[in-house]
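Data from model29.tsv: TSV, C-alpha atoms
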chain	number	residue	atom	x	y	z
A	1	MET	CA	19.58	-1.16	28.51
A	2	PHE	CA	18.44	-2.90	25.34
A	3	LYS	CA	20.19	-5.80	23.69
A	4	LYS	CA	20.60	-5.97	19.91
A	5	ASP	CA	18.03	-8.78	19.70
A	6	ASP	CA	15.35	-6.87	21.64
A	7	LYS	CA	12.52	-5.64	19.44
A	8	PRO	CA	10.36	-2.72	20.51
A	9	GLU	CA	6.83	-3.72	21.44
A	10	ALA	CA	3.99	-2.18	19.44
A	11	GLU	CA	1.90	-1.77	22.59
A	12	GLY	CA	4.13	1.01	23.92
A	13	LYS	CA	4.15	3.12	20.74
A	14	LEU	CA	0.95	4.92	19.84
A	15	ILE	CA	0.39	7.86	17.51
A	16	ASP	CA	-2.98	9.45	18.22
A	17	ILE	CA	-4.40	11.86	15.62
A	18	GLU	CA	-7.32	13.90	17.00
A	19	THR	CA	-7.39	16.58	14.30
A	20	GLY	CA	-8.00	16.67	10.55
A	21	ILE	CA	-5.20	15.52	8.30
A	22	GLN	CA	-4.79	15.10	4.55
A	23	GLY	CA	-2.08	13.21	2.69
A	24	ASN	CA	-0.37	9.84	2.56
A	25	VAL	CA	0.56	8.09	5.79
A	26	LYS	CA	2.78	4.99	5.75
A	27	PHE	CA	4.46	3.30	8.66
A	28	ASN	CA	6.59	0.17	8.61
A	29	GLY	CA	7.57	-0.26	12.22
A	30	PRO	CA	5.54	-1.84	14.99
A	31	ILE	CA	3.62	1.35	15.78
A	32	ASN	CA	-0.07	1.70	16.55
A	33	LEU	CA	-1.86	4.60	14.84
A	34	ARG	CA	-5.23	5.87	16.06
A	35	ILE	CA	-7.22	8.35	13.99
A	36	ASN	CA	-10.02	10.14	15.84
A	37	GLY	CA	-10.55	13.06	13.46
A	38	HIS	CA	-11.02	13.61	9.75
A	39	PHE	CA	-8.51	11.95	7.40
A	40	GLU	CA	-8.33	12.08	3.62
A	41	GLY	CA	-5.60	10.36	1.62
A	42	GLU	CA	-3.77	7.03	1.61
A	43	LEU	CA	-3.10	4.85	4.66
A	44	GLU	CA	-0.60	1.99	4.85
A	45	ALA	CA	0.36	0.25	8.08
A	46	LYS	CA	2.66	-2.71	7.36
A	47	LYS	CA	3.12	-3.63	11.04
A	48	GLY	CA	1.20	-2.68	14.09
A	49	THR	CA	-2.44	-1.73	14.41
A	50	LEU	CA	-4.42	1.00	12.69
A	51	ILE	CA	-7.39	2.16	14.76
A	52	ILE	CA	-10.11	4.28	13.18
A	53	GLY	CA	-11.77	5.84	16.23
A	54	GLU	CA	-15.49	6.24	16.86
A	55	LYS	CA	-15.46	9.96	15.95
A	56	ALA	CA	-13.24	9.43	12.87
A	57	ASP	CA	-14.29	10.13	9.29
A	58	VAL	CA	-11.80	8.57	6.86
A	59	LYS	CA	-11.83	8.89	3.06
A	60	ALA	CA	-9.14	6.87	1.33
A	61	LYS	CA	-8.77	5.16	-2.03
A	62	THR	CA	-7.12	2.19	-0.30
A	63	ILE	CA	-6.25	1.39	3.30
A	64	LYS	CA	-3.62	-1.34	3.69
A	65	GLY	CA	-2.46	-2.85	6.93
A	66	GLU	CA	-1.71	-5.80	9.11
A	67	ASN	CA	-4.35	-5.20	11.81
A	68	ILE	CA	-7.14	-2.66	11.36
A	69	ASN	CA	-9.82	-1.87	13.93
A	70	ILE	CA	-12.70	0.35	12.81
A	71	LEU	CA	-15.06	2.09	15.20
A	72	GLY	CA	-15.96	5.10	13.01
A	73	LYS	CA	-16.73	5.92	9.37
A	74	VAL	CA	-14.54	4.76	6.47
A	75	ARG	CA	-15.00	5.31	2.74
A	76	GLY	CA	-12.48	3.32	0.71
A	77	ASP	CA	-11.20	-0.16	-0.01
A	78	ILE	CA	-9.44	-2.08	2.75
A	79	ILE	CA	-6.75	-4.75	2.31
A	80	CYS	CA	-5.40	-6.30	5.50
A	81	THR	CA	-4.59	-9.47	7.42
A	82	ARG	CA	-7.09	-8.89	10.25
A	83	LEU	CA	-10.04	-6.49	10.25
A	84	GLU	CA	-12.29	-5.80	13.20
A	85	LEU	CA	-15.50	-3.81	12.71
A	86	SER	CA	-17.01	-2.66	16.00
A	87	LYS	CA	-20.74	-2.09	16.48
A	88	SER	CA	-20.35	1.60	15.59
A	89	ALA	CA	-18.33	0.97	12.39
A	90	ARG	CA	-19.68	2.24	9.06
A	91	VAL	CA	-17.67	1.12	6.02
A	92	ILE	CA	-18.37	1.91	2.36
A	93	GLY	CA	-15.90	0.04	0.18
A	94	ASN	CA	-14.59	-3.39	-0.72
A	95	ILE	CA	-12.54	-5.41	1.72
A	96	GLU	CA	-9.97	-8.16	1.23
A	97	VAL	CA	-9.03	-9.80	4.49
A	98	SER	CA	-7.83	-13.10	5.95
A	99	THR	CA	-9.58	-12.70	9.31
A	100	LEU	CA	-12.77	-10.68	9.77
A	101	VAL	CA	-14.46	-9.89	13.09
A	102	VAL	CA	-17.79	-8.06	12.89
A	103	GLY	CA	-19.58	-6.64	15.90
A	104	GLU	CA	-23.38	-6.69	16.01
A	105	GLY	CA	-24.62	-3.44	14.46
A	106	ALA	CA	-21.60	-2.76	12.24
A	107	ALA	CA	-22.42	-1.76	8.64
A	108	LEU	CA	-20.52	-2.72	5.48
A	109	LYS	CA	-21.56	-1.62	2.01
A	110	GLY	CA	-19.27	-3.36	-0.46
A	111	LYS	CA	-17.80	-6.70	-1.40
A	112	CYS	CA	-15.82	-8.90	0.96
A	113	GLN	CA	-13.15	-11.34	-0.23
A	114	MET	CA	-11.50	-13.78	2.12
A	115	PRO	CA	-8.85	-15.75	0.20
A	116	ILE	CA	-8.44	-19.34	1.34
A	117	SER	CA	-5.17	-21.04	0.37
A	118	ASP	CA	-6.64	-24.60	0.55
A	119	GLU	CA	-9.47	-23.63	-1.79
A	120	LYS	CA	-7.03	-22.26	-4.37
A	121	SER	CA	-4.90	-25.41	-4.40
A	122	GLU	CA	-7.98	-27.70	-4.57
A	123	HIS	CA	-9.34	-25.69	-7.51
A	124	LYS	CA	-6.04	-25.98	-9.39
A	125	GLU	CA	-5.86	-29.75	-8.72
A	126	SER	CA	-9.42	-30.39	-9.92
A	127	ALA	CA	-8.85	-28.27	-13.04
A	128	SER	CA	-5.70	-30.21	-13.93
A	129	LYS	CA	-7.52	-33.54	-13.34
A	130	LYS	CA	-10.31	-32.47	-15.69
A	131	LYS	CA	-7.77	-31.59	-18.39
A	132	ALA	CA	-6.03	-34.95	-17.95
A	133	GLU	CA	-9.34	-36.81	-18.19
A	134	LYS	CA	-10.38	-35.00	-21.38
A	135	LYS	CA	-7.18	-35.72	-23.30
A	136	PRO	CA	-7.56	-39.56	-23.56
A	137	GLU	CA	-11.23	-39.22	-24.56
A	138	GLU	CA	-10.45	-36.72	-27.30
A	139	THR	CA	-7.77	-39.00	-28.77
A	140	LYS	CA	-10.17	-41.99	-28.76
A	141	LYS	CA	-12.82	-40.01	-30.63
A	142	GLU	CA	-10.34	-38.90	-33.27
A	143	GLY	CA	-9.09	-42.48	-33.80
A	144	ILE	CA	-12.59	-43.97	-34.32
Spell out the structure here as structure tokens.
Amino acid sequence: MFKKDDKPEAEGKLIDIETGIQGNVKFNGPINLRINGHFEGELEAKKGTLIIGEKADVKAKTIKGENINILGKVRGDIICTRLELSKSARVIGNIEVSTLVVGEGAALKGKCQMPISDEKSEHKESASKKKAEKKPEETKKEGI
């Protein structure tokens, strides 16, 4: 049997939606969700993988997830850790992602943001240096 420390593997758990569905879908556990039909609403997949199949047509204000693979059509903004757009993917919306994989032939109409933690810290450091450099100069000008 299972021990207390054993965690279920996401590979073994798959929910496959072949029909049309409307509403809000959220899942927290390590479950893979594949949509192959029409979906309209909100999607949130905190753990596991969300797969938008080749025949899927998804309309959502925002799709949030850990791993998202798109093979079909999506209209809506996407926020995730890893996004893979296959050659048949058609996305209309803005994306915010750490890792982006784009297959040749995939289409994206929207803005793409890929936050970089090093860039943020460097920007803050250079801004604080500029402020520090300006202060002594300003005091010299006032004293003269």
Check: Given the choices A:Gly65, A:Gly29, A:Gly53, A:Pro115, which gets closest to A:Arg90 if the distance is worked out from all atoms listed in the file?
Finding: A:Gly53
Checklist line | atom CA of A:Leu71 to atom CA of A:Lys111, distance in Å rounded to a single decimal | finding: 19.0 Å
Check: With all atoms listed in the file as the atoms that count, which of A:Ile63, A:Ala56, A:Phe27, A:Glu84 lies nearest to A:Gly41?
Finding: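 Between A:Ile63, A:Ala56, A:Phe27, A:Glu84, the residue approaching A:Gly41 most closely is A:Ile63.
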Notebook entry, point to check: Which one is closest to A:Phe39: A:Lys59, A:Lys87, A:Lys26, A:Arg75? Count all atoms listed in the file.
Noted result: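 The closest residue to A:Phe39 is A:Lys59.
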Margin query: So the first atom is atom CA of A:Asn28 and the second is atom CA of A:Lys46; what is the distance between them in Å, to one decimal place?
Written below: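 Computing the Euclidean distance for atom CA of A:Asn28 and atom CA of A:Lys46 yields 5.0 Å.
The coordinates place atom CA of A:Val97 at 6.7 Å from atom CA of A:Leu83.
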Next item on the list: Using all atoms listed in the file, find the one residue out of A:Thr99, A:Ala60, A:Ala107, A:Leu43 that sits nearest to A:Ser86.
Entry: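 Closest residue, counting all atoms listed in the file: A:Ala107.
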Check: Given the choices A:Ile31, A:Cys80, A:Ile21, A:Ile70, which gets closest to A:Lys55 if the distance is worked out from all atoms listed in the file?
Finding: A:Ile70
Margin query: Nearest residue to A:Gly48 out of A:Ile95, A:Ile116, A:Ile79, A:Ile15, using all atoms listed in the file?
Written below: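 Closest to A:Gly48 of all the choices is A:Ile15.
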